[in-house]
file work_11.cif (mmCIF, C-alpha atoms, pLDDT in the B column; chains and numbers go by the auth columns)
data_data
#
loop_
_atom_site.group_PDB
_atom_site.id
_atom_site.type_symbol
_atom_site.label_atom_id
_atom_site.label_comp_id
_atom_site.label_asym_id
_atom_site.label_seq_id
_atom_site.Cartn_x
_atom_site.Cartn_y
_atom_site.Cartn_z
_atom_site.B_iso_or_equiv
_atom_site.auth_seq_id
_atom_site.auth_asym_id
ATOM 1 C CA MET A 1 -42.364 47.497 115.551 46.00 1 A
ATOM 2 C CA GLN A 2 -44.136 50.393 113.902 47.00 2 A
ATOM 3 C CA SER A 3 -41.050 51.229 111.868 52.00 3 A
ATOM 4 C CA VAL A 4 -40.989 47.752 110.352 46.00 4 A
ATOM 5 C CA VAL A 5 -44.662 48.001 109.348 51.00 5 A
ATOM 6 C CA GLN A 6 -44.074 51.420 107.806 61.00 6 A
ATOM 7 C CA GLN A 7 -41.188 50.105 105.706 62.00 7 A
ATOM 8 C CA GLN A 8 -43.363 47.272 104.383 60.00 8 A
ATOM 9 C CA GLN A 9 -46.129 49.685 103.451 64.00 9 A
ATOM 10 C CA GLN A 10 -43.677 51.934 101.549 68.00 10 A
ATOM 11 C CA GLN A 11 -42.319 48.970 99.553 65.00 11 A
ATOM 12 C CA GLN A 12 -45.872 47.908 98.589 64.00 12 A
ATOM 13 C CA GLN A 13 -46.639 51.428 97.355 65.00 13 A
ATOM 14 C CA GLN A 14 -43.470 51.521 95.247 61.00 14 A
ATOM 15 C CA THR A 15 -44.338 48.134 93.739 56.00 15 A
ATOM 16 C CA GLN A 16 -47.843 49.315 92.799 55.00 16 A
ATOM 17 C CA GLN A 17 -46.481 52.476 91.178 54.00 17 A
ATOM 18 C CA SER A 18 -43.993 50.543 89.089 50.00 18 A
ATOM 19 C CA THR A 19 -46.646 48.122 87.833 47.00 19 A
ATOM 20 C CA GLN A 20 -49.133 50.852 86.727 47.00 20 A
ATOM 21 C CA PRO A 21 -48.906 51.855 82.935 45.00 21 A
ATOM 22 C CA HIS A 22 -47.187 55.119 82.086 44.00 22 A
ATOM 23 C CA SER A 23 -49.405 57.744 80.636 42.00 23 A
ATOM 24 C CA LEU A 24 -46.901 58.854 77.916 42.00 24 A
ATOM 25 C CA VAL A 25 -45.533 55.456 76.694 42.00 25 A
ATOM 26 C CA ASN A 26 -47.567 52.919 74.612 49.00 26 A
ATOM 27 C CA VAL A 27 -46.305 49.582 75.820 42.00 27 A
ATOM 28 C CA SER A 28 -48.312 47.611 73.234 48.00 28 A
ATOM 29 C CA ASN A 29 -46.212 48.991 70.298 49.00 29 A
ATOM 30 C CA ILE A 30 -42.911 47.694 71.656 48.00 30 A
ATOM 31 C CA PRO A 31 -41.992 44.342 69.944 48.00 31 A
ATOM 32 C CA VAL A 32 -41.159 41.493 72.188 47.00 32 A
ATOM 33 C CA GLN A 33 -37.765 39.949 71.238 49.00 33 A
ATOM 34 C CA GLU A 34 -37.223 36.322 71.939 50.00 34 A
ATOM 35 C CA PRO A 35 -33.757 35.403 73.165 50.00 35 A
ATOM 36 C CA TYR A 36 -33.497 32.108 71.077 47.00 36 A
ATOM 37 C CA PRO A 37 -34.982 30.940 67.647 50.00 37 A
ATOM 38 C CA LYS A 38 -37.881 28.613 67.718 56.00 38 A
ATOM 39 C CA PRO A 39 -36.905 24.951 67.381 48.00 39 A
ATOM 40 C CA ILE A 40 -38.028 22.984 64.279 50.00 40 A
ATOM 41 C CA VAL A 41 -40.746 20.668 65.291 52.00 41 A
ATOM 42 C CA ALA A 42 -41.078 17.471 63.227 49.00 42 A
ATOM 43 C CA GLN A 43 -44.457 17.007 61.574 55.00 43 A
ATOM 44 C CA GLY A 44 -46.370 13.850 62.370 52.00 44 A
ATOM 45 C CA HIS A 45 -45.425 10.899 64.419 55.00 45 A
ATOM 46 C CA ASP A 46 -42.743 9.356 61.905 76.00 46 A
ATOM 47 C CA TRP A 47 -40.255 12.233 62.052 80.00 47 A
ATOM 48 C CA THR A 48 -37.373 9.834 62.509 85.00 48 A
ATOM 49 C CA LYS A 49 -38.257 8.168 59.201 85.00 49 A
ATOM 50 C CA ASN A 50 -38.166 11.568 57.467 87.00 50 A
ATOM 51 C CA LEU A 51 -34.714 12.265 58.878 87.00 51 A
ATOM 52 C CA ILE A 52 -33.443 8.922 57.600 89.00 52 A
ATOM 53 C CA GLN A 53 -34.964 9.643 54.181 88.00 53 A
ATOM 54 C CA LEU A 54 -33.239 13.041 54.034 89.00 54 A
ATOM 55 C CA ALA A 55 -29.915 11.473 54.991 90.00 55 A
ATOM 56 C CA LYS A 56 -30.287 8.792 52.321 89.00 56 A
ATOM 57 C CA THR A 57 -31.185 11.435 49.719 91.00 57 A
ATOM 58 C CA ALA A 58 -28.037 13.404 50.526 90.00 58 A
ATOM 59 C CA GLU A 59 -25.950 10.231 50.345 91.00 59 A
ATOM 60 C CA LEU A 60 -27.583 9.349 47.009 91.00 60 A
ATOM 61 C CA LYS A 61 -26.690 12.736 45.559 92.00 61 A
ATOM 62 C CA LYS A 62 -23.098 12.280 46.669 92.00 62 A
ATOM 63 C CA HIS A 63 -22.789 8.824 45.095 92.00 63 A
ATOM 64 C CA ALA A 64 -24.645 9.989 41.978 94.00 64 A
ATOM 65 C CA LEU A 65 -22.070 12.758 41.430 94.00 65 A
ATOM 66 C CA THR A 66 -19.256 10.246 41.866 94.00 66 A
ATOM 67 C CA LEU A 67 -20.927 7.836 39.433 94.00 67 A
ATOM 68 C CA GLN A 68 -21.453 10.635 36.906 94.00 68 A
ATOM 69 C CA LEU A 69 -17.752 11.541 37.114 95.00 69 A
ATOM 70 C CA HIS A 70 -16.686 7.928 36.565 94.00 70 A
ATOM 71 C CA THR A 71 -19.188 7.590 33.708 95.00 71 A
ATOM 72 C CA ALA A 72 -17.687 10.643 32.007 95.00 72 A
ATOM 73 C CA HIS A 73 -14.205 9.144 32.344 95.00 73 A
ATOM 74 C CA ILE A 74 -15.378 5.808 30.930 96.00 74 A
ATOM 75 C CA LEU A 75 -17.107 7.490 27.957 95.00 75 A
ATOM 76 C CA ALA A 76 -13.980 9.495 27.215 95.00 76 A
ATOM 77 C CA ALA A 77 -11.885 6.328 27.406 96.00 77 A
ATOM 78 C CA HIS A 78 -14.325 4.545 25.052 94.00 78 A
ATOM 79 C CA ALA A 79 -14.095 7.417 22.565 95.00 79 A
ATOM 80 C CA SER A 80 -10.297 7.235 22.670 95.00 80 A
ATOM 81 C CA LEU A 81 -10.477 3.433 22.311 95.00 81 A
ATOM 82 C CA ASP A 82 -12.698 3.764 19.221 95.00 82 A
ATOM 83 C CA GLN A 83 -10.182 6.140 17.646 94.00 83 A
ATOM 84 C CA LYS A 84 -7.316 3.780 18.421 95.00 84 A
ATOM 85 C CA ASN A 85 -9.246 0.808 16.991 95.00 85 A
ATOM 86 C CA LYS A 86 -9.967 2.750 13.804 95.00 86 A
ATOM 87 C CA ALA A 87 -6.325 3.763 13.488 95.00 87 A
ATOM 88 C CA LEU A 88 -5.292 0.150 14.117 95.00 88 A
ATOM 89 C CA GLN A 89 -7.709 -1.097 11.448 95.00 89 A
ATOM 90 C CA ASP A 90 -6.303 1.418 8.951 96.00 90 A
ATOM 91 C CA ILE A 91 -2.770 0.300 9.768 95.00 91 A
ATOM 92 C CA LYS A 92 -3.745 -3.366 9.291 95.00 92 A
ATOM 93 C CA GLU A 93 -5.319 -2.600 5.907 95.00 93 A
ATOM 94 C CA GLN A 94 -2.229 -0.666 4.870 95.00 94 A
ATOM 95 C CA LYS A 95 -0.052 -3.546 6.062 95.00 95 A
ATOM 96 C CA ASN A 96 -2.136 -6.014 4.021 95.00 96 A
ATOM 97 C CA ARG A 97 -1.730 -3.846 0.919 95.00 97 A
ATOM 98 C CA ILE A 98 1.997 -3.623 1.504 96.00 98 A
ATOM 99 C CA GLU A 99 2.247 -7.378 2.053 95.00 99 A
ATOM 100 C CA SER A 100 0.302 -8.003 -1.144 95.00 100 A
ATOM 101 C CA GLU A 101 2.543 -5.632 -3.063 96.00 101 A
ATOM 102 C CA ARG A 102 5.609 -7.242 -1.465 95.00 102 A
ATOM 103 C CA LYS A 103 4.413 -10.726 -2.471 95.00 103 A
ATOM 104 C CA ARG A 104 3.799 -9.531 -6.032 95.00 104 A
ATOM 105 C CA LEU A 105 7.243 -7.984 -6.214 96.00 105 A
ATOM 106 C CA LEU A 106 8.833 -11.130 -4.771 96.00 106 A
ATOM 107 C CA ASP A 107 6.993 -13.232 -7.352 96.00 107 A
ATOM 108 C CA ASP A 108 8.193 -10.880 -10.081 95.00 108 A
ATOM 109 C CA LEU A 109 11.716 -11.071 -8.699 96.00 109 A
ATOM 110 C CA ALA A 110 11.542 -14.860 -8.635 95.00 110 A
ATOM 111 C CA GLN A 111 10.335 -14.849 -12.258 95.00 111 A
ATOM 112 C CA ILE A 112 13.108 -12.432 -13.191 95.00 112 A
ATOM 113 C CA ASN A 113 15.683 -14.640 -11.503 95.00 113 A
ATOM 114 C CA SER A 114 14.305 -17.658 -13.321 95.00 114 A
ATOM 115 C CA ASP A 115 14.419 -15.831 -16.646 95.00 115 A
ATOM 116 C CA ARG A 116 17.933 -14.669 -15.853 94.00 116 A
ATOM 117 C CA ASP A 117 19.016 -18.230 -15.130 95.00 117 A
ATOM 118 C CA LYS A 118 17.515 -19.347 -18.436 94.00 118 A
ATOM 119 C CA ILE A 119 19.281 -16.505 -20.228 94.00 119 A
ATOM 120 C CA ASP A 120 22.556 -17.398 -18.522 95.00 120 A
ATOM 121 C CA ILE A 121 22.144 -21.009 -19.650 95.00 121 A
ATOM 122 C CA SER A 122 21.297 -19.882 -23.200 93.00 122 A
ATOM 123 C CA GLU A 123 24.231 -17.477 -23.201 94.00 123 A
ATOM 124 C CA SER A 124 26.591 -20.197 -22.036 94.00 124 A
ATOM 125 C CA SER A 125 25.245 -22.622 -24.635 94.00 125 A
ATOM 126 C CA ILE A 126 25.429 -20.094 -27.473 95.00 126 A
ATOM 127 C CA THR A 127 28.898 -19.013 -26.379 94.00 127 A
ATOM 128 C CA LYS A 128 30.040 -22.631 -26.526 94.00 128 A
ATOM 129 C CA GLU A 129 28.394 -23.119 -29.919 94.00 129 A
ATOM 130 C CA THR A 130 30.025 -19.925 -31.162 93.00 130 A
ATOM 131 C CA ALA A 131 33.401 -21.081 -29.968 94.00 131 A
ATOM 132 C CA ASP A 132 32.838 -24.454 -31.638 94.00 132 A
ATOM 133 C CA LEU A 133 31.827 -22.767 -34.908 94.00 133 A
ATOM 134 C CA ARG A 134 34.859 -20.485 -34.817 92.00 134 A
ATOM 135 C CA SER A 135 37.087 -23.487 -34.219 93.00 135 A
ATOM 136 C CA LYS A 136 35.389 -25.351 -37.060 91.00 136 A
ATOM 137 C CA ILE A 137 35.746 -22.366 -39.429 90.00 137 A
ATOM 138 C CA GLN A 138 39.401 -21.976 -38.534 90.00 138 A
ATOM 139 C CA SER A 139 39.991 -25.691 -38.995 90.00 139 A
ATOM 140 C CA LEU A 140 38.287 -25.719 -42.421 89.00 140 A
ATOM 141 C CA THR A 141 40.011 -22.521 -43.502 88.00 141 A
ATOM 142 C CA ASP A 142 43.449 -23.740 -42.592 88.00 142 A
ATOM 143 C CA GLY A 143 42.822 -27.323 -43.749 89.00 143 A
ATOM 144 C CA PRO A 144 40.579 -28.553 -46.579 90.00 144 A
ATOM 145 C CA TYR A 145 39.596 -25.089 -47.840 87.00 145 A
ATOM 146 C CA ALA A 146 43.178 -23.921 -48.142 87.00 146 A
ATOM 147 C CA VAL A 147 44.166 -27.071 -50.078 90.00 147 A
ATOM 148 C CA ALA A 148 41.158 -26.860 -52.403 90.00 148 A
ATOM 149 C CA LYS A 149 41.667 -23.117 -52.963 87.00 149 A
ATOM 150 C CA ARG A 150 45.316 -23.643 -53.864 89.00 150 A
ATOM 151 C CA ASP A 151 44.493 -26.398 -56.336 89.00 151 A
ATOM 152 C CA VAL A 152 41.774 -24.311 -57.997 90.00 152 A
ATOM 153 C CA ASP A 153 44.022 -21.267 -58.308 88.00 153 A
ATOM 154 C CA VAL A 154 46.813 -23.361 -59.872 89.00 154 A
ATOM 155 C CA LEU A 155 44.449 -24.876 -62.454 89.00 155 A
ATOM 156 C CA ARG A 156 42.909 -21.502 -63.267 87.00 156 A
ATOM 157 C CA GLN A 157 46.360 -20.022 -63.701 88.00 157 A
ATOM 158 C CA GLU A 158 47.274 -22.827 -66.081 86.00 158 A
ATOM 159 C CA LEU A 159 44.095 -22.135 -68.041 88.00 159 A
ATOM 160 C CA GLY A 160 44.826 -18.422 -68.148 87.00 160 A
ATOM 161 C CA GLN A 161 42.012 -17.480 -65.794 87.00 161 A
ATOM 162 C CA PRO A 162 42.297 -15.084 -62.859 88.00 162 A
ATOM 163 C CA PRO A 163 42.381 -16.603 -59.390 85.00 163 A
ATOM 164 C CA LEU A 164 39.250 -16.733 -57.270 84.00 164 A
ATOM 165 C CA PRO A 165 38.674 -13.961 -54.741 85.00 165 A
ATOM 166 C CA SER A 166 39.967 -14.628 -51.266 85.00 166 A
ATOM 167 C CA LEU A 167 37.704 -15.861 -48.489 82.00 167 A
ATOM 168 C CA GLN A 168 38.092 -12.540 -46.612 86.00 168 A
ATOM 169 C CA SER A 169 36.909 -10.511 -49.615 86.00 169 A
ATOM 170 C CA THR A 170 33.961 -12.866 -50.057 85.00 170 A
ATOM 171 C CA LEU A 171 32.949 -12.386 -46.430 84.00 171 A
ATOM 172 C CA GLU A 172 33.284 -8.604 -46.710 85.00 172 A
ATOM 173 C CA GLU A 173 31.155 -8.608 -49.839 85.00 173 A
ATOM 174 C CA ARG A 174 28.451 -10.627 -48.108 85.00 174 A
ATOM 175 C CA ASN A 175 28.430 -8.325 -45.069 84.00 175 A
ATOM 176 C CA ALA A 176 28.198 -5.264 -47.291 86.00 176 A
ATOM 177 C CA ALA A 177 25.309 -6.820 -49.181 84.00 177 A
ATOM 178 C CA ASN A 178 23.476 -7.573 -45.942 83.00 178 A
ATOM 179 C CA MET A 179 23.887 -3.985 -44.717 83.00 179 A
ATOM 180 C CA SER A 180 22.707 -2.382 -47.981 80.00 180 A
ATOM 181 C CA ASN A 181 19.033 -3.287 -47.716 62.00 181 A
ATOM 182 C CA THR A 182 17.836 -0.013 -49.237 52.00 182 A
ATOM 183 C CA SER A 183 19.421 -0.646 -52.640 59.00 183 A
ATOM 184 C CA GLY A 184 17.524 -3.913 -53.038 55.00 184 A
ATOM 185 C CA SER A 185 20.534 -5.757 -54.402 47.00 185 A
ATOM 186 C CA THR A 186 21.745 -8.780 -52.509 45.00 186 A
ATOM 187 C CA SER A 187 24.924 -10.709 -52.980 44.00 187 A
ATOM 188 C CA MET A 188 24.708 -14.266 -54.161 48.00 188 A
ATOM 189 C CA PRO A 189 25.841 -16.731 -51.492 48.00 189 A
ATOM 190 C CA GLU A 190 29.163 -18.419 -52.068 47.00 190 A
ATOM 191 C CA THR A 191 27.447 -21.802 -52.331 49.00 191 A
ATOM 192 C CA GLN A 192 25.495 -20.607 -55.387 54.00 192 A
ATOM 193 C CA ARG A 193 28.541 -19.325 -57.267 54.00 193 A
ATOM 194 C CA ASN A 194 30.268 -21.339 -59.946 58.00 194 A
ATOM 195 C CA PRO A 195 33.337 -22.866 -58.272 50.00 195 A
ATOM 196 C CA GLU A 196 35.334 -22.676 -61.525 52.00 196 A
ATOM 197 C CA THR A 197 34.583 -19.121 -62.627 54.00 197 A
ATOM 198 C CA GLY A 198 33.386 -17.542 -59.372 53.00 198 A
ATOM 199 C CA GLU A 199 30.412 -16.052 -61.233 57.00 199 A
ATOM 200 C CA PRO A 200 26.742 -16.497 -60.292 55.00 200 A
ATOM 201 C CA PRO A 201 24.770 -18.916 -62.495 55.00 201 A
ATOM 202 C CA ALA A 202 22.979 -17.547 -65.540 57.00 202 A
ATOM 203 C CA LYS A 203 19.373 -16.503 -65.062 54.00 203 A
ATOM 204 C CA ARG A 204 16.692 -18.532 -66.777 56.00 204 A
ATOM 205 C CA PRO A 205 14.619 -16.602 -69.318 52.00 205 A
ATOM 206 C CA ARG A 206 11.105 -15.762 -68.309 55.00 206 A
ATOM 207 C CA GLY A 207 8.039 -16.863 -70.222 54.00 207 A
ATOM 208 C CA ARG A 208 7.392 -19.909 -72.336 53.00 208 A
ATOM 209 C CA PRO A 209 10.058 -21.399 -74.550 52.00 209 A
ATOM 210 C CA LYS A 210 9.914 -20.680 -78.242 54.00 210 A
ATOM 211 C CA GLY A 211 7.614 -22.908 -80.257 52.00 211 A
ATOM 212 C CA SER A 212 5.676 -24.051 -77.214 49.00 212 A
ATOM 213 C CA LYS A 213 2.492 -22.463 -78.534 51.00 213 A
ATOM 214 C CA ASN A 214 2.601 -24.330 -81.858 51.00 214 A
ATOM 215 C CA LYS A 215 3.509 -27.648 -80.318 50.00 215 A
ATOM 216 C CA PRO A 216 0.523 -30.004 -80.615 48.00 216 A
ATOM 217 C CA LYS A 217 -0.841 -31.491 -77.513 49.00 217 A
ATOM 218 C CA ILE A 218 -0.702 -35.264 -77.269 48.00 218 A
ATOM 219 C CA LEU A 219 -3.934 -36.650 -75.962 47.00 219 A
ATOM 220 C CA PRO A 220 -3.819 -39.871 -73.990 48.00 220 A
ATOM 221 C CA GLN A 221 -5.202 -42.855 -75.856 48.00 221 A
ATOM 222 C CA PRO A 222 -8.022 -44.755 -74.289 46.00 222 A
ATOM 223 C CA THR A 223 -7.147 -48.093 -72.910 47.00 223 A
ATOM 224 C CA SER A 224 -9.087 -51.145 -74.021 36.00 224 A
#
call {"tool": "encode", "arguments": {"input": "work_11.cif", "output": "structure tokens"}}
result
Amino acid sequence: MQSVVQQQQQQQQQTQQSTQPHSLVNVSNIPVQEPYPKPIVAQGHDWTKNLIQLAKTAELKKHALTLQLHTAHILAAHASLDQKNKALQDIKEQKNRIESERKRLLDDLAQINSDRDKIDISESSITKETADLRSKIQSLTDGPYAVAKRDVDVLRQELGQPPLPSLQSTLEERNAANMSNTSGSTSMPETQRNPETGEPPAKRPRGRPKGSKNKPKILPQPTS
């Protein structure tokens, strides 16, 4: 029984010694480390409302970034669309100019075709007239002209006169006269020659006839 009491007394003494401060160590300078961080305590009574507001703000930022990205894409697409519209407008203007030029050229071509048709008609008409004239000349040359020329040459020969020049020489003379415009001399047409002699008619003298100055003028008599 005494041994049990003695053991209790020894344990009490050891406990008192361990709880007394050590003379060499300053316990107040040792920092006290907390095992876990302090929890965040919401301010006020509506802390749940603040949490909802923070969540909505984060969600707003997320959607705002998405909207900004889509806005940038739309603006870029609009810029490209404006360029395409401008290029399309330039192409339309160029097409209008080309169409106008094409219409003008088609109108000119239509006018040219019309003029060509008129020229073809004129050419055909003149060709026919030329053929008719050649046929008429050949008919006169071989018919009435040949008979008249033979009769005139026979009569001139009987009268001792030289024959008239041939029709071919007369034509050559006329063509030569038409080509020699620089000399100023022109050949008299065959119609103005004397059919008997083949010479051009005599020129009338210039000026007044003789005695015209001394010829008295006859005044008209007054009528009663």
call {"tool": "atom_distance", "arguments": {"input": "work_11.cif", "atom1": "atom CA of A:Ile98", "atom2": "atom CA of A:Ser114"}}
result
23.8 Å
call {"tool": "residues_near_point", "arguments": {"input": "work_11.cif", "point": "(36.5, -23.8, -50.3)", "cutoff": "10 Å", "atoms": "all atoms listed in the file", "output": "ChimeraX atom specification"}}
result
/A:140-141,143-150,152,166-167,190-191,195
call {"tool": "atom_distance", "arguments": {"input": "work_11.cif", "atom1": "atom CA of A:Ile91", "atom2": "atom CA of A:Lys103"}}
result
18.0 Å
call {"tool": "atom_distance", "arguments": {"input": "work_11.cif", "atom1": "atom CA of A:Asp142", "atom2": "atom CA of A:Ser169"}}
result
16.3 Å
